[in-house]
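coords_19.cif follows; it contains mmCIF, C-alpha atoms (C1' of nucleotides).
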```
data_upload
loop_
_atom_site.label_atom_id
_atom_site.label_comp_id
_atom_site.auth_asym_id
_atom_site.auth_seq_id
_atom_site.Cartn_x
_atom_site.Cartn_y
_atom_site.Cartn_z
CA MET A 5 43.30 9.84 -62.29
CA ASN A 6 40.51 8.70 -64.59
CA ARG A 7 37.42 10.51 -63.35
CA ASN A 8 35.13 7.58 -63.94
CA LEU A 9 37.40 5.10 -62.23
CA GLU A 10 37.56 7.43 -59.26
CA ARG A 11 33.80 7.67 -59.15
CA ALA A 12 33.47 3.92 -59.31
CA GLN A 13 35.90 3.54 -56.43
CA ASP A 14 34.10 6.20 -54.44
CA ASN A 15 30.91 4.19 -54.69
CA PHE A 16 32.64 1.18 -53.22
CA ILE A 17 34.44 3.22 -50.55
CA GLU A 18 31.28 4.95 -49.45
CA GLY A 19 29.38 1.68 -49.29
CA ILE A 20 31.97 -0.06 -47.17
CA GLY A 21 32.24 3.02 -44.96
CA HIS A 22 28.53 2.86 -44.29
CA LEU A 23 28.64 -0.85 -43.64
CA SER A 24 31.50 -0.29 -41.21
CA SER A 25 29.49 2.20 -39.21
CA THR A 26 26.56 -0.21 -38.86
CA LEU A 27 28.96 -2.83 -37.57
CA GLY A 28 30.07 -0.62 -34.71
CA PHE A 29 33.26 0.69 -36.29
CA SER A 30 33.78 4.18 -37.57
CA LYS A 31 32.94 5.18 -41.10
CA VAL A 32 36.47 6.33 -41.80
CA MET A 33 37.83 2.96 -40.76
CA GLY A 34 35.75 1.26 -43.40
CA GLN A 35 36.68 3.84 -45.99
CA LEU A 36 40.39 3.44 -45.34
CA TYR A 37 40.10 -0.29 -45.64
CA ALA A 38 38.08 -0.07 -48.84
CA LEU A 39 40.57 2.32 -50.40
CA LEU A 40 43.49 0.04 -49.63
CA TYR A 41 41.51 -2.96 -50.77
CA LEU A 42 41.09 -1.41 -54.20
CA SER A 43 44.60 -0.04 -54.48
CA ASP A 44 47.15 -1.95 -56.56
CA LYS A 45 49.99 -0.57 -54.45
CA PRO A 46 50.55 0.33 -50.79
CA LEU A 47 49.43 3.84 -49.80
CA SER A 48 50.86 6.29 -47.31
CA LEU A 49 48.84 8.16 -44.72
CA ASP A 50 49.04 11.32 -46.80
CA ASP A 51 47.92 9.48 -49.90
CA MET A 52 44.81 8.35 -48.07
CA VAL A 53 44.20 11.73 -46.47
CA LYS A 54 44.28 13.36 -49.88
CA ARG A 55 42.17 10.73 -51.59
CA LEU A 56 39.44 10.60 -48.95
CA VAL A 57 39.61 14.28 -47.95
CA ILE A 58 39.78 13.61 -44.24
CA SER A 59 41.98 14.97 -41.49
CA LYS A 60 45.35 13.48 -40.76
CA GLY A 61 44.47 12.92 -37.13
CA SER A 62 41.48 10.84 -37.98
CA ALA A 63 43.44 8.86 -40.57
CA SER A 64 46.20 8.21 -38.07
CA ILE A 65 43.88 6.93 -35.35
CA ASN A 66 41.73 4.84 -37.65
CA ILE A 67 44.57 3.22 -39.54
CA ARG A 68 46.11 2.19 -36.24
CA GLU A 69 42.89 0.53 -35.19
CA LEU A 70 42.71 -1.30 -38.49
CA GLU A 71 46.24 -2.47 -37.92
CA GLU A 72 45.41 -3.69 -34.40
CA LYS A 73 42.49 -5.64 -35.80
CA GLY A 74 44.77 -7.22 -38.37
CA ALA A 75 42.85 -5.71 -41.27
CA VAL A 76 45.79 -3.81 -42.76
CA LYS A 77 49.53 -4.37 -42.80
CA ARG A 78 52.22 -1.75 -42.52
CA ILE A 79 54.67 -1.95 -45.35
CA TRP A 80 58.19 -0.67 -45.45
CA MET A 81 59.09 0.95 -48.73
CA LYS A 82 62.79 1.18 -49.40
CA GLY A 83 63.94 4.78 -49.66
CA SER A 84 60.86 6.35 -48.09
CA ARG A 85 60.39 7.51 -44.54
CA ARG A 86 56.66 7.17 -44.77
CA ASN A 87 54.55 4.35 -43.45
CA PHE A 88 52.74 2.55 -46.20
CA TYR A 89 49.75 0.33 -45.77
CA GLU A 90 48.23 -2.57 -47.59
CA ALA A 91 44.89 -4.29 -47.09
CA GLU A 92 44.91 -7.74 -45.57
CA THR A 93 42.94 -9.52 -48.24
CA ASP A 94 42.10 -12.67 -46.34
CA LEU A 95 38.78 -11.14 -45.44
CA ALA A 96 37.42 -14.42 -44.17
CA LYS A 97 40.17 -14.58 -41.59
CA ILE A 98 39.65 -11.00 -40.43
CA ILE A 99 35.94 -11.53 -39.97
CA ARG A 100 36.40 -14.84 -38.24
CA ASP A 101 38.95 -13.47 -35.79
CA ARG A 102 36.78 -10.48 -35.08
CA ILE A 103 33.71 -12.59 -34.39
CA ALA A 104 35.69 -15.01 -32.26
CA LEU A 105 37.07 -12.17 -30.17
CA SER A 106 33.91 -10.16 -29.71
CA THR A 107 31.72 -13.14 -28.92
CA ARG A 108 34.32 -14.40 -26.49
CA TRP A 109 34.24 -11.36 -24.26
CA ARG A 110 30.52 -11.08 -24.56
CA MET A 111 30.15 -14.64 -23.38
CA ASP A 112 32.54 -13.87 -20.55
CA GLU A 113 30.55 -10.80 -19.61
CA ILE A 114 27.37 -12.85 -19.42
CA ARG A 115 29.11 -15.52 -17.38
CA ASP A 116 30.26 -12.89 -14.91
CA ILE A 117 26.80 -11.38 -14.56
CA ILE A 118 25.31 -14.78 -13.84
CA GLN A 119 28.03 -15.66 -11.39
CA LYS A 120 27.72 -12.41 -9.47
CA SER A 121 23.94 -12.77 -9.39
CA GLU A 122 24.23 -16.27 -8.01
CA GLU A 123 26.41 -15.00 -5.19
CA LEU A 124 23.98 -12.23 -4.37
CA ILE A 125 20.96 -14.51 -4.40
CA GLN A 126 22.70 -16.89 -2.02
CA ASN A 127 22.88 -14.10 0.53
CA VAL A 128 19.18 -13.48 0.22
CA LYS A 129 18.04 -17.05 0.63
CA GLY A 130 18.55 -16.99 4.38
CA ASP A 131 16.38 -14.02 5.17
CA SER A 132 13.19 -15.03 3.43
CA ASN A 133 10.39 -13.93 5.72
CA ASN A 134 7.15 -14.72 3.95
CA SER A 135 6.05 -17.18 1.32
CA GLU A 136 5.48 -14.48 -1.31
CA GLU A 137 9.13 -13.52 -1.11
CA ARG A 138 10.33 -17.07 -1.02
CA ARG A 139 8.48 -17.62 -4.27
CA ARG A 140 10.13 -14.64 -5.87
CA ILE A 141 13.55 -15.69 -4.76
CA LYS A 142 12.95 -19.18 -6.02
CA PHE A 143 11.77 -17.81 -9.34
CA TYR A 144 14.86 -15.66 -9.67
CA SER A 145 17.13 -18.63 -8.95
CA GLN A 146 15.24 -20.67 -11.47
CA ARG A 147 15.74 -18.07 -14.19
CA LEU A 148 19.42 -17.79 -13.39
CA LYS A 149 19.74 -21.52 -13.73
CA GLU A 150 18.04 -21.44 -17.12
CA MET A 151 20.27 -18.68 -18.32
CA LYS A 152 23.35 -20.47 -17.11
CA ARG A 153 22.32 -23.54 -19.02
CA LEU A 154 21.75 -21.54 -22.18
CA HIS A 155 25.08 -19.80 -21.74
CA LYS A 156 26.95 -23.05 -21.42
CA ARG A 157 25.32 -24.51 -24.51
CA ALA A 158 25.84 -21.39 -26.55
CA HIS A 159 29.46 -21.36 -25.48
CA ASN A 160 29.97 -24.89 -26.67
CA LEU A 161 28.16 -24.26 -29.90
CA LEU A 162 30.23 -21.18 -30.66
CA GLY A 163 33.41 -23.11 -30.12
CA LYS A 164 32.26 -25.74 -32.57
CA LEU A 165 31.14 -23.22 -35.13
CA LEU A 166 34.44 -21.37 -35.07
CA LEU A 167 36.33 -24.60 -35.47
CA PHE A 168 34.07 -25.46 -38.36
CA THR A 169 34.54 -22.18 -40.19
CA LYS A 170 38.28 -22.57 -39.89
CA THR A 171 38.19 -25.79 -41.85
CA ILE A 172 36.27 -24.12 -44.66
CA LYS A 173 37.90 -22.37 -47.57
CA PHE A 174 36.01 -19.25 -48.51
CA MET B 30 10.36 -5.67 -1.46
CA ASN B 31 13.24 -7.50 0.17
CA ARG B 32 16.16 -5.10 -0.07
CA ASN B 33 18.70 -7.80 -0.80
CA LEU B 34 16.61 -9.44 -3.45
CA GLU B 35 16.19 -6.06 -5.08
CA ARG B 36 19.91 -5.48 -5.02
CA ALA B 37 20.56 -8.89 -6.53
CA GLN B 38 18.11 -8.15 -9.32
CA ASP B 39 19.66 -4.75 -9.90
CA ASN B 40 22.99 -6.39 -10.51
CA PHE B 41 21.49 -8.58 -13.20
CA ILE B 42 19.49 -5.74 -14.71
CA GLU B 43 22.48 -3.44 -14.88
CA GLY B 44 24.63 -6.14 -16.44
CA ILE B 45 22.14 -6.97 -19.16
CA GLY B 46 21.60 -3.26 -19.78
CA HIS B 47 25.28 -2.81 -20.39
CA LEU B 48 25.46 -5.86 -22.62
CA SER B 49 22.53 -4.54 -24.59
CA SER B 50 24.29 -1.26 -25.26
CA THR B 51 27.40 -3.03 -26.57
CA LEU B 52 25.18 -4.99 -28.93
CA GLY B 53 23.84 -1.85 -30.54
CA PHE B 54 20.62 -1.65 -28.60
CA SER B 55 19.83 0.90 -25.93
CA LYS B 56 20.66 0.30 -22.29
CA VAL B 57 17.05 0.73 -21.25
CA MET B 58 15.94 -1.93 -23.69
CA GLY B 59 18.21 -4.45 -22.02
CA GLN B 60 17.12 -3.35 -18.57
CA LEU B 61 13.45 -3.72 -19.40
CA TYR B 62 14.02 -7.18 -20.77
CA ALA B 63 16.08 -8.21 -17.77
CA LEU B 64 13.45 -6.95 -15.35
CA LEU B 65 10.70 -8.89 -17.11
CA TYR B 66 12.92 -11.94 -17.35
CA LEU B 67 13.27 -12.01 -13.58
CA SER B 68 9.67 -11.20 -12.80
CA ASP B 69 7.33 -14.01 -11.81
CA LYS B 70 4.35 -12.07 -13.13
CA PRO B 71 3.67 -9.70 -16.03
CA LEU B 72 4.47 -6.05 -15.37
CA SER B 73 2.81 -2.87 -16.54
CA LEU B 74 4.61 0.11 -18.03
CA ASP B 75 4.19 2.00 -14.78
CA ASP B 76 5.54 -0.92 -12.77
CA MET B 77 8.68 -0.86 -14.87
CA VAL B 78 8.99 2.92 -14.80
CA LYS B 79 8.84 2.86 -11.01
CA ARG B 80 11.19 -0.07 -10.62
CA LEU B 81 13.88 1.18 -13.00
CA VAL B 82 13.40 4.89 -12.27
CA ILE B 83 13.20 5.92 -15.91
CA SER B 84 10.83 8.16 -17.81
CA LYS B 85 7.60 6.85 -19.18
CA GLY B 86 8.47 8.04 -22.68
CA SER B 87 11.62 6.03 -22.76
CA ALA B 88 9.87 2.99 -21.35
CA SER B 89 7.11 3.29 -23.94
CA ILE B 90 9.48 3.52 -26.88
CA ASN B 91 11.83 0.82 -25.72
CA ILE B 92 9.16 -1.68 -24.78
CA ARG B 93 7.66 -1.29 -28.23
CA GLU B 94 10.99 -2.06 -29.84
CA LEU B 95 11.36 -5.13 -27.69
CA GLU B 96 7.91 -6.20 -28.77
CA GLU B 97 8.79 -5.69 -32.44
CA LYS B 98 11.86 -7.82 -32.00
CA GLY B 99 9.77 -10.53 -30.41
CA ALA B 100 11.62 -10.31 -27.12
CA VAL B 101 8.58 -9.50 -25.01
CA LYS B 102 4.90 -10.32 -25.27
CA ARG B 103 1.98 -8.07 -24.42
CA ILE B 104 -0.39 -9.68 -21.99
CA TRP B 105 -4.01 -8.90 -21.38
CA MET B 106 -4.94 -8.95 -17.73
CA LYS B 107 -8.60 -9.34 -17.09
CA GLY B 108 -10.05 -6.36 -15.28
CA SER B 109 -7.15 -3.99 -15.94
CA ARG B 110 -6.85 -1.32 -18.59
CA ARG B 111 -3.10 -1.43 -18.52
CA ASN B 112 -0.83 -3.22 -20.93
CA PHE B 113 1.21 -5.87 -19.22
CA TYR B 114 4.35 -7.43 -20.55
CA GLU B 115 6.14 -10.70 -20.15
CA ALA B 116 9.59 -11.75 -21.31
CA GLU B 117 9.81 -14.17 -24.18
CA THR B 118 11.97 -16.79 -22.53
CA ASP B 119 13.01 -18.70 -25.60
CA LEU B 120 16.20 -16.68 -25.68
CA ALA B 121 17.78 -18.93 -28.25
CA LYS B 122 15.00 -18.17 -30.68
CA ILE B 123 15.23 -14.42 -30.14
CA ILE B 124 18.96 -14.39 -30.73
CA ARG B 125 18.72 -16.64 -33.75
CA ASP B 126 16.02 -14.55 -35.39
CA ARG B 127 17.95 -11.39 -34.65
CA ILE B 128 21.16 -12.73 -36.17
CA ALA B 129 19.35 -14.10 -39.16
CA LEU B 130 17.70 -10.77 -39.81
CA SER B 131 20.68 -8.51 -39.29
CA THR B 132 23.08 -10.64 -41.28
CA ARG B 133 20.56 -10.90 -44.05
CA TRP B 134 20.34 -7.21 -44.72
CA ARG B 135 24.04 -6.78 -44.27
CA MET B 136 24.66 -9.41 -46.88
CA ASP B 137 22.16 -7.67 -49.14
CA GLU B 138 23.88 -4.36 -48.58
CA ILE B 139 27.21 -5.84 -49.61
CA ARG B 140 25.66 -7.47 -52.63
CA ASP B 141 24.25 -4.13 -53.73
CA ILE B 142 27.58 -2.36 -53.31
CA ILE B 143 29.32 -4.96 -55.42
CA GLN B 144 26.63 -4.89 -58.07
CA LYS B 145 26.65 -1.12 -58.36
CA SER B 146 30.43 -1.10 -58.51
CA GLU B 147 30.41 -3.65 -61.30
CA GLU B 148 28.10 -1.45 -63.32
CA LEU B 149 30.27 1.59 -62.77
CA ILE B 150 33.47 -0.22 -63.68
CA GLN B 151 31.88 -1.44 -66.91
CA ASN B 152 31.42 2.16 -67.98
CA VAL B 153 35.08 2.88 -67.34
CA LYS B 154 36.48 -0.04 -69.26
CA GLY B 155 35.92 1.61 -72.61
CA ASP B 156 37.82 4.81 -72.02
CA SER B 157 41.11 3.35 -70.80
CA ASN B 158 43.77 5.59 -72.33
CA ASN B 159 47.10 4.34 -71.02
CA SER B 160 48.44 1.07 -69.70
CA GLU B 161 48.82 2.41 -66.15
CA GLU B 162 45.11 3.04 -65.98
CA ARG B 163 44.22 -0.18 -67.66
CA ARG B 164 46.16 -1.95 -64.95
CA ARG B 165 44.27 -0.13 -62.21
CA ILE B 166 40.94 -0.86 -63.75
CA LYS B 167 41.84 -4.49 -64.13
CA PHE B 168 42.96 -4.62 -60.53
CA TYR B 169 39.71 -3.10 -59.36
CA SER B 170 37.69 -5.61 -61.36
CA GLN B 171 39.78 -8.39 -59.95
CA ARG B 172 39.12 -7.31 -56.39
CA LEU B 173 35.42 -6.99 -57.05
CA LYS B 174 35.42 -10.51 -58.39
CA GLU B 175 37.15 -11.79 -55.27
CA MET B 176 34.72 -10.02 -53.01
CA LYS B 177 31.79 -11.33 -54.97
CA ARG B 178 33.07 -14.83 -54.55
CA LEU B 179 33.55 -14.38 -50.83
CA HIS B 180 30.10 -12.91 -50.53
CA LYS B 181 28.49 -15.81 -52.29
CA ARG B 182 30.26 -18.36 -50.14
CA ALA B 183 29.54 -16.50 -46.92
CA HIS B 184 25.92 -16.29 -47.93
CA ASN B 185 25.70 -20.03 -48.44
CA LEU B 186 27.53 -20.74 -45.23
CA LEU B 187 25.24 -18.48 -43.22
CA GLY B 188 22.22 -20.23 -44.60
CA LYS B 189 23.61 -23.56 -43.56
CA LEU B 190 24.59 -22.35 -40.12
CA LEU B 191 21.17 -20.94 -39.40
CA LEU B 192 19.55 -24.15 -40.50
CA PHE B 193 21.93 -26.01 -38.26
CA THR B 194 21.22 -23.91 -35.17
CA LYS B 195 17.52 -24.41 -35.68
CA THR B 196 17.90 -28.15 -35.33
CA ILE B 197 19.73 -27.75 -32.02
CA LYS B 198 17.99 -27.59 -28.69
CA PHE B 199 19.63 -25.05 -26.40
"C1'" DT C 24 -19.95 15.15 -20.13
"C1'" DA C 25 -16.33 15.86 -16.76
"C1'" DA C 26 -12.76 13.61 -14.67
"C1'" DT C 27 -9.47 10.00 -14.68
"C1'" DA C 28 -6.33 6.53 -16.38
"C1'" DT C 29 -3.15 5.24 -19.66
"C1'" DG C 30 0.04 5.28 -23.51
"C1'" DT C 31 2.39 8.18 -27.20
"C1'" DT C 32 4.64 12.00 -29.14
"C1'" DT C 33 7.66 15.87 -29.02
"C1'" DA C 34 10.97 19.44 -27.77
"C1'" DG C 35 14.86 19.91 -25.65
"C1'" DA C 36 18.73 18.48 -22.38
"C1'" DA C 37 22.47 15.44 -21.50
"C1'" DT C 38 25.81 12.48 -23.20
"C1'" DA C 39 28.80 10.04 -26.27
"C1'" DT C 40 31.16 9.62 -30.54
"C1'" DT C 41 34.04 11.04 -34.01
"C1'" DG C 42 36.12 14.18 -37.00
"C1'" DT C 43 39.12 18.60 -37.60
"C1'" DA C 44 42.89 21.77 -36.98
"C1'" DA C 45 46.75 22.82 -34.91
"C1'" DA C 46 50.32 22.10 -31.75
"C1'" DC C 47 53.62 18.82 -30.73
"C1'" DA C 48 57.38 15.31 -30.87
"C1'" DC C 49 60.41 12.68 -33.25
"C1'" DT C 50 63.60 11.47 -36.90
"C1'" DC C 51 66.36 12.26 -40.69
"C1'" DT C 52 69.31 14.99 -43.61
"C1'" DA C 53 71.61 19.03 -45.45
"C1'" DT D 17 72.30 21.85 -35.46
"C1'" DA D 18 68.55 23.98 -38.16
"C1'" DG D 19 64.91 22.76 -40.74
"C1'" DA D 20 61.96 19.71 -43.30
"C1'" DG D 21 59.15 15.62 -43.30
"C1'" DT D 22 56.15 12.60 -40.91
"C1'" DG D 23 53.00 10.67 -37.49
"C1'" DT D 24 50.61 11.51 -32.89
"C1'" DT D 25 48.16 13.94 -29.48
"C1'" DT D 26 44.94 17.28 -27.93
"C1'" DA D 27 41.37 20.75 -27.57
"C1'" DC D 28 37.45 21.72 -29.60
"C1'" DA D 29 33.50 21.49 -32.87
"C1'" DA D 30 29.96 18.92 -35.16
"C1'" DT D 31 26.85 15.27 -35.02
"C1'" DA D 32 24.07 11.56 -33.42
"C1'" DT D 33 21.87 9.11 -29.76
"C1'" DT D 34 18.92 8.60 -26.10
"C1'" DC D 35 16.89 10.04 -22.18
"C1'" DT D 36 13.42 13.21 -19.57
"C1'" DA D 37 9.48 16.11 -18.83
"C1'" DA D 38 5.53 17.68 -20.31
"C1'" DA D 39 2.00 18.17 -23.55
"C1'" DC D 40 -1.10 15.50 -25.97
"C1'" DA D 41 -4.49 11.88 -27.56
"C1'" DT D 42 -7.48 8.34 -26.52
"C1'" DA D 43 -10.35 5.46 -24.01
"C1'" DT D 44 -12.92 4.55 -19.80
"C1'" DT D 45 -15.74 5.43 -15.89
"C1'" DA D 46 -18.60 8.13 -12.69
#
```

Please rewrite the model in this file as structure tokens.
Amino acid sequence: MNRNLERAQDNFIEGIGHLSSTLGFSKVMGQLYALLYLSDKPLSLDDMVKRLVISKGSASINIRELEEKGAVKRIWMKGSRRNFYEAETDLAKIIRDRIALSTRWRMDEIRDIIQKSEELIQNVKGDSNNSEERRRIKFYSQRLKEMKRLHKRAHNLLGKLLLFTKTIKF
Amino acid sequence: MNRNLERAQDNFIEGIGHLSSTLGFSKVMGQLYALLYLSDKPLSLDDMVKRLVISKGSASINIRELEEKGAVKRIWMKGSRRNFYEAETDLAKIIRDRIALSTRWRMDEIRDIIQKSEELIQNVKGDSNNSEERRRIKFYSQRLKEMKRLHKRAHNLLGKLLLFTKTIKF
DNA sequence: TAATATGTTTAGAATATTGTAAACACTCTA
DNA sequence: TAGAGTGTTTACAATATTCTAAACATATTA
């Protein structure tokens, strides 16, 4: 392959790999995606292993995760027993789905923390002995209430934003 | 301190600590913030060290990061030599600023990757020997163009969204 | 100035993550 | 059915992160 073209691609692949790692994914995942994104035809696992000089195990695990996230598609090539892969190029969709999913379970996690805390604070309210403690308990309840309010509003806002981004063509 | 109140707080602190770690911050950072968020008065480093049973070094480093991110404020308490801290309770603002900042440099990173790749591909265009390679080079350029377009639109959209969230009261 | 109070830095331990190499399992075909 | 081709799993190695403990630096007070 043209040495300069390869170098140009490497720059892109490395960059996306780095970006991937700062987003909480592995570097290899980003590199695999970038390679497929630049490739004019589907690539097999061994193609990618050779091109990126990584182990097969790592390629196997990372490509599967990309597939689960909907970032790559498995392609059947007539006459070959290999699995081939292609990048899902609707990047906007991938990102949107990812954000929707990750914010959703984060919001749920927060909701659960608040809920559990509310239960626990209810149990305390009875046994307040002195005024100092009553103040603390009251303060805690107050903060929980604030956070609950913020959570609800953020939840609504996120829903609206996601709807909004779906109507937009990137 | 009331044992049950303490247990209730611990639940909250642990939850926020975990959330913090999934967001790319350290667990201790989240725990410190949560503790301050629930406290009805500013706390010193030693207060927090005792309450969370962590090392002073870790507390020192993590509280400083929280301060840099604008999530806690340092408070001067007349008559004490200690530094006291208080949670910044405008959570919406903290989150917004954080998102604005982190997306900004991610967008810049992507822009730089694309730009560098464009330069590199320019150098290749001259020495295309056969049609197979010309096709690949063309394909690569095409993809870069697509990504550039997406980047530009995402950039605009993000700007608008941030503006929008600033006008909203949480 | 000695002793104390306080926060910061650092060296290293503990832990988590992620990649590699090789064994493994499965499928196809000769 | 033996053997080759292909992807997956696993045990381990390399690396990065983050905490702790202790040394250190600085400021304050007696």

Query raised in the report: So which residues fall inside 12 Å of (50.6, 12.9, -34.3) if we count only C-alpha atoms (C1' of nucleotides)? Mind giving them as a PyMOL selection string?
Result: (chain A and resi 49+59-65+68) or (chain C and resi 45-49) or (chain D and resi 22-26)

Keeping C-alpha atoms (C1' of nucleotides), export the residues of the selection given above as a PDB file, keeping the file's coordinate frame.
```pdb
ATOM      1  CA  LEU A  49      48.840   8.160 -44.720  1.00  0.00           C
ATOM      2  CA  SER A  59      41.980  14.970 -41.490  1.00  0.00           C
ATOM      3  CA  LYS A  60      45.350  13.480 -40.760  1.00  0.00           C
ATOM      4  CA  GLY A  61      44.470  12.920 -37.130  1.00  0.00           C
ATOM      5  CA  SER A  62      41.480  10.840 -37.980  1.00  0.00           C
ATOM      6  CA  ALA A  63      43.440   8.860 -40.570  1.00  0.00           C
ATOM      7  CA  SER A  64      46.200   8.210 -38.070  1.00  0.00           C
ATOM      8  CA  ILE A  65      43.880   6.930 -35.350  1.00  0.00           C
ATOM      9  CA  ARG A  68      46.110   2.190 -36.240  1.00  0.00           C
TER      10      ARG A  68
ATOM     11  C1'  DA C  45      46.750  22.820 -34.910  1.00  0.00           C
ATOM     12  C1'  DA C  46      50.320  22.100 -31.750  1.00  0.00           C
ATOM     13  C1'  DC C  47      53.620  18.820 -30.730  1.00  0.00           C
ATOM     14  C1'  DA C  48      57.380  15.310 -30.870  1.00  0.00           C
ATOM     15  C1'  DC C  49      60.410  12.680 -33.250  1.00  0.00           C
TER      16       DC C  49
ATOM     17  C1'  DT D  22      56.150  12.600 -40.910  1.00  0.00           C
ATOM     18  C1'  DG D  23      53.000  10.670 -37.490  1.00  0.00           C
ATOM     19  C1'  DT D  24      50.610  11.510 -32.890  1.00  0.00           C
ATOM     20  C1'  DT D  25      48.160  13.940 -29.480  1.00  0.00           C
ATOM     21  C1'  DT D  26      44.940  17.280 -27.930  1.00  0.00           C
TER      22       DT D  26
END
```

Query - Target residues per the PyMOL selection byres ((chain A and resi 113-119) around 9), formatted as a list in words - result: Arg108, Trp109, Arg110, Met111, Asp112, Lys120, Ser121, Glu122, Glu123, Leu124, Leu148, Lys149, Met151, Lys152, His155 and Lys156 of chain A; Asn40, Phe41, Gly44, Ile45 and Leu48 of chain B

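The protein and nucleic acid residues lying at most 12 Å from D:DT33 are Ser50, Gly53, Phe54, Ser55 and Lys56 of chain B; DA37, DT38, DA39 and DT40 of chain C, with all atoms listed in the file considered and sequence neighbours fewer than 4 positions away removed.
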
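Omitting B:Val57 and its sequence neighbours fewer than 4 positions away, and counting only C-alpha atoms (C1' of nucleotides), the residues within 7 Å are Gly46, Leu61 and Asn91 of chain B.
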
**Report entry** Distance-based interface of chain A with chain B, 7 Å, counting only C-alpha atoms, as a list in words
**Finding:**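 On the chain A side, the interface is Asn8, Leu9, Ala12, Asn15, Phe16, Gly19, Leu42, Asp44, Ile117, Ser121, Leu124, Ile125, Val128, Arg140, Phe143, Tyr144, Arg147, Leu154, Arg157 and Phe174 of chain A.
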
Query raised in the report: Nearest to chain D: which of A:Ile67, A:Ile99, A:Leu166, A:Leu39 is it, counting only C-alpha atoms (C1' of nucleotides)?
Result: A:Ile67

Report task. With the file shown as input, list the residues that the PyMOL selection byres ((chain D) within 10 of (chain B)) selects, as a PyMOL selection string. Result -> chain D and resi 33-37+43-44

Any chance you could export the current selection's C-alpha atoms (C1' of nucleotides) as a PDB file, in the frame of the given file?
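As a result, selection_17.pdb now contains:
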```pdb
ATOM      1  C1'  DT D  33      21.870   9.110 -29.760  1.00  0.00           C
ATOM      2  C1'  DT D  34      18.920   8.600 -26.100  1.00  0.00           C
ATOM      3  C1'  DC D  35      16.890  10.040 -22.180  1.00  0.00           C
ATOM      4  C1'  DT D  36      13.420  13.210 -19.570  1.00  0.00           C
ATOM      5  C1'  DA D  37       9.480  16.110 -18.830  1.00  0.00           C
ATOM      6  C1'  DA D  43     -10.350   5.460 -24.010  1.00  0.00           C
ATOM      7  C1'  DT D  44     -12.920   4.550 -19.800  1.00  0.00           C
TER       8       DT D  44
END
```

Query raised in the report: Nearest to C:DA25 among D:DA39, D:DA29, D:DA20, D:DA46, with distances taken over only C-alpha atoms (C1' of nucleotides): which residue is it?
Result: D:DA46

**Report entry** At most 8 Å to chain B: residues in chain C, only C-alpha atoms (C1' of nucleotides), as a PyMOL selection string
**Finding:** chain C and resi 29-31

Query raised in the report: Which one is closest to B:Ser73: B:Leu95, B:Met58, B:Leu192, B:Ile104? Count only C-alpha atoms.
Result: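 Between B:Leu95, B:Met58, B:Leu192, B:Ile104, the residue approaching B:Ser73 most closely is B:Ile104.
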
Query raised in the report: atom C1' of C:DT43 to atom C1' of D:DC28: how many Å, to one decimal?
Result: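 Atom C1' of D:DC28 lies at a distance of 8.7 Å from atom C1' of C:DT43.
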
Query raised in the report: So what do you get for atom CA of A:Ser24 versus atom CA of B:His184, distance-wise?
Result: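 It comes out at 18.2 Å.
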
Query raised in the report: Could you state the separation of atom CA of A:Leu47 and atom CA of A:Glu72 in Å, given to one decimal place?
Result: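 Going from atom CA of A:Leu47 over to atom CA of A:Glu72 covers 17.6 Å.
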
How big is the axis-aligned box around the listed atoms of stretch 24-43 of chain D once 3 Å is added on each side, and where is its centre? Give both in Å to one decimal, as AutoDock Vina command-line options.
```
--center_x 20.1 --center_y 13.6 --center_z -27.0 --size_x 67.0 --size_y 22.3 --size_z 22.3
```

Completion of stretch 149-157 of chain B up to N, CA and C atoms, as a PDB file, in the frame of the given file:
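Dumped to part_15.pdb:
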```
ATOM      1  N   LEU B 149      29.442   0.398 -62.586  1.00  0.00           N
ATOM      2  CA  LEU B 149      30.270   1.590 -62.770  1.00  0.00           C
ATOM      3  C   LEU B 149      31.585   1.246 -63.470  1.00  0.00           C
ATOM      4  N   ILE B 150      32.162   0.128 -63.088  1.00  0.00           N
ATOM      5  CA  ILE B 150      33.470  -0.220 -63.680  1.00  0.00           C
ATOM      6  C   ILE B 150      33.293  -0.592 -65.153  1.00  0.00           C
ATOM      7  N   GLN B 151      32.135  -1.130 -65.499  1.00  0.00           N
ATOM      8  CA  GLN B 151      31.880  -1.440 -66.910  1.00  0.00           C
ATOM      9  C   GLN B 151      31.965  -0.184 -67.773  1.00  0.00           C
ATOM     10  N   ASN B 152      31.408   0.896 -67.242  1.00  0.00           N
ATOM     11  CA  ASN B 152      31.420   2.160 -67.980  1.00  0.00           C
ATOM     12  C   ASN B 152      32.822   2.709 -68.165  1.00  0.00           C
ATOM     13  N   VAL B 153      33.725   2.349 -67.273  1.00  0.00           N
ATOM     14  CA  VAL B 153      35.080   2.880 -67.340  1.00  0.00           C
ATOM     15  C   VAL B 153      35.914   2.121 -68.351  1.00  0.00           C
ATOM     16  N   LYS B 154      35.625   0.835 -68.456  1.00  0.00           N
ATOM     17  CA  LYS B 154      36.480  -0.040 -69.260  1.00  0.00           C
ATOM     18  C   LYS B 154      36.748   0.473 -70.667  1.00  0.00           C
ATOM     19  N   GLY B 155      35.734   1.097 -71.263  1.00  0.00           N
ATOM     20  CA  GLY B 155      35.920   1.610 -72.610  1.00  0.00           C
ATOM     21  C   GLY B 155      37.013   2.655 -72.716  1.00  0.00           C
ATOM     22  N   ASP B 156      36.936   3.658 -71.863  1.00  0.00           N
ATOM     23  CA  ASP B 156      37.820   4.810 -72.020  1.00  0.00           C
ATOM     24  C   ASP B 156      39.192   4.690 -71.347  1.00  0.00           C
ATOM     25  N   SER B 157      39.762   3.490 -71.357  1.00  0.00           N
ATOM     26  CA  SER B 157      41.110   3.350 -70.800  1.00  0.00           C
ATOM     27  C   SER B 157      42.115   3.887 -71.811  1.00  0.00           C
TER      28      SER B 157
END
```
